[in-house]
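Novice: First the structure, which I've put down as structure tokens, then a few questions once you've had a look.
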Amino acid sequence: MREVPVADAERGRGTIRPLGAPGDLGWVVMRHGEVYAEQFGWDGEFEALVARIAAAYAADHDPAREAAWIAELDGERAGCVFCVAEDATTAKLRILLVDPGARGHGLGRRLVGTCLEFARAAGYRRVTLWTNDVLTSARRIYEAAGFTLVDEEPHHSFGQDLVGQNWECALDGSRASGGSTRR
């Protein structure tokens, strides 16, 4: 897959590239742990979840149906997103992150767009995701990309009381069908 440039003359230049360079998986896990601990007080349970997701992808993914990307800004890792199979017709967007120092450059929007474009080309009919209501910037990106909120439920995870949310996006242009997905 080719790199997708993101022009931003005043604030640097960003690219979206396939995950796969040495250190990418470790960076994904490390930065999720660091960022969510700093911003939300989340504990190591969250970092362990991200590690399991990254390890499962690395150990056994179907390149025709699953992919992951790294965003770079000025040559440094700045974000990521994974697209994995949930079932034959549904992909799942996982572990979107844009490093706080790289926000405001459109990288989150580009990562989600790249994920949706891949899912559409791979033949999926819809994409789901699980997030938490405190992640307001990510939720705005999801809404702008066509995701709709399916349901939400309070839970205690990562050392915090949170409200988990399930979102989905129909890739054929119709409204999302509803129904619950879980993390």
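Numbering starts fresh at 1 for the residues of each chain in the structure tokens, the chains themselves are lettered A, B, ... in the order given, and ligands are numbered from 1 as they appear.
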Mind listing the alpha helix (DSSP H) residues of region 2-170 of chain A, per DSSP on the backbone, as a PDB file with C-alpha atoms, in the first residue's frame?

Specialist:
ATOM      1  CA  ASP A  24       5.561  -0.105  14.979  1.00  0.00           C
ATOM      2  CA  LEU A  25       3.679  -2.614  17.125  1.00  0.00           C
ATOM      3  CA  GLY A  26       5.631  -1.692  20.243  1.00  0.00           C
ATOM      4  CA  TRP A  27       5.010   1.996  19.598  1.00  0.00           C
ATOM      5  CA  VAL A  28       1.250   1.376  19.225  1.00  0.00           C
ATOM      6  CA  VAL A  29       1.104  -0.342  22.619  1.00  0.00           C
ATOM      7  CA  MET A  30       3.463   2.067  24.386  1.00  0.00           C
ATOM      8  CA  ARG A  31       1.837   5.298  23.147  1.00  0.00           C
ATOM      9  CA  HIS A  32      -1.671   4.080  23.928  1.00  0.00           C
ATOM     10  CA  GLY A  33      -0.560   3.259  27.465  1.00  0.00           C
ATOM     11  CA  GLU A  34       1.234   6.576  27.941  1.00  0.00           C
ATOM     12  CA  VAL A  35      -1.369   8.844  26.338  1.00  0.00           C
ATOM     13  CA  TYR A  36      -4.393   7.340  28.047  1.00  0.00           C
ATOM     14  CA  ALA A  37      -2.648   7.287  31.434  1.00  0.00           C
ATOM     15  CA  GLU A  38      -1.637  10.955  31.061  1.00  0.00           C
ATOM     16  CA  GLN A  39      -4.947  12.223  29.683  1.00  0.00           C
ATOM     17  CA  PHE A  40      -7.523  10.052  31.451  1.00  0.00           C
ATOM     18  CA  GLY A  44      -2.257  -0.825  32.764  1.00  0.00           C
ATOM     19  CA  GLU A  45      -5.441  -2.797  31.999  1.00  0.00           C
ATOM     20  CA  PHE A  46      -5.930  -0.571  28.948  1.00  0.00           C
ATOM     21  CA  GLU A  47      -2.355  -0.988  27.734  1.00  0.00           C
ATOM     22  CA  ALA A  48      -2.770  -4.766  28.131  1.00  0.00           C
ATOM     23  CA  LEU A  49      -5.941  -4.648  25.988  1.00  0.00           C
ATOM     24  CA  VAL A  50      -4.060  -2.758  23.262  1.00  0.00           C
ATOM     25  CA  ALA A  51      -1.187  -5.258  23.513  1.00  0.00           C
ATOM     26  CA  ARG A  52      -3.613  -8.168  23.002  1.00  0.00           C
ATOM     27  CA  ILE A  53      -5.193  -6.469  19.973  1.00  0.00           C
ATOM     28  CA  ALA A  54      -1.785  -5.704  18.422  1.00  0.00           C
ATOM     29  CA  ALA A  55      -0.452  -9.207  19.166  1.00  0.00           C
ATOM     30  CA  ALA A  56      -3.521 -10.908  17.674  1.00  0.00           C
ATOM     31  CA  TYR A  57      -3.159  -8.796  14.534  1.00  0.00           C
ATOM     32  CA  ALA A  58       0.572  -9.540  14.232  1.00  0.00           C
ATOM     33  CA  ALA A  59       0.145 -13.267  14.836  1.00  0.00           C
ATOM     34  CA  LEU A 107      -4.277  12.759  10.826  1.00  0.00           C
ATOM     35  CA  GLY A 108      -7.185  11.220  12.753  1.00  0.00           C
ATOM     36  CA  ARG A 109      -9.577  11.997   9.917  1.00  0.00           C
ATOM     37  CA  ARG A 110      -7.125  10.547   7.402  1.00  0.00           C
ATOM     38  CA  LEU A 111      -6.545   7.389   9.465  1.00  0.00           C
ATOM     39  CA  VAL A 112     -10.282   6.729   9.779  1.00  0.00           C
ATOM     40  CA  GLY A 113     -10.794   7.503   6.078  1.00  0.00           C
ATOM     41  CA  THR A 114      -8.002   5.091   5.123  1.00  0.00           C
ATOM     42  CA  CYS A 115      -9.584   2.394   7.298  1.00  0.00           C
ATOM     43  CA  LEU A 116     -13.030   2.896   5.730  1.00  0.00           C
ATOM     44  CA  GLU A 117     -11.598   2.967   2.208  1.00  0.00           C
ATOM     45  CA  PHE A 118      -9.781  -0.318   2.862  1.00  0.00           C
ATOM     46  CA  ALA A 119     -12.880  -1.934   4.397  1.00  0.00           C
ATOM     47  CA  ARG A 120     -14.998  -0.914   1.413  1.00  0.00           C
ATOM     48  CA  ALA A 121     -12.406  -2.285  -1.053  1.00  0.00           C
ATOM     49  CA  THR A 136     -14.769  13.381  22.442  1.00  0.00           C
ATOM     50  CA  SER A 137     -12.274  14.247  19.676  1.00  0.00           C
ATOM     51  CA  ALA A 138     -12.335  10.690  18.332  1.00  0.00           C
ATOM     52  CA  ARG A 139     -16.126  10.618  18.502  1.00  0.00           C
ATOM     53  CA  ARG A 140     -16.290  13.807  16.402  1.00  0.00           C
ATOM     54  CA  ILE A 141     -14.060  12.151  13.783  1.00  0.00           C
ATOM     55  CA  TYR A 142     -16.267   9.047  13.752  1.00  0.00           C
ATOM     56  CA  GLU A 143     -19.447  11.090  13.352  1.00  0.00           C
ATOM     57  CA  ALA A 144     -17.934  13.136  10.517  1.00  0.00           C
TER      58      ALA A 144
END

Novice: Interatomic distance between CA of Arg94 (chain A) and CA of Gly14 (chain A)?

Specialist: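 Going from CA of Arg94 (chain A) over to CA of Gly14 (chain A) covers 20.8 Å.
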
Novice: Residues within 8 Å of Leu149 (chain A), please, as a list of chain:residue names. Count only C-alpha atoms; anything in the same chain fewer than 4 positions from it doesn't count.

Specialist: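 Skipping anything fewer than 4 positions along the chain leaves A:Gln165, A:Asn166, A:Trp167, A:Glu168.
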
Novice: What does the distance between CA of Trp69 (chain A) and CA of His156 (chain A) come to in Å, to one decimal place?

Specialist: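 We find that CA of Trp69 (chain A) and CA of His156 (chain A) lie 29.4 Å from each other.
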
Novice: What gap, in Å, lies between CA of Thr131 (chain A) and CA of Cys80 (chain A)?

Specialist: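 Separating CA of Thr131 (chain A) from CA of Cys80 (chain A) is a distance of 15.1 Å.
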
Novice: Select, from A:Asp172, A:Glu72, A:Glu66, A:Glu152, the residue with the minimum atom-to-atom distance to Val84 (chain A), counting only C-alpha atoms.

Specialist: A:Glu66
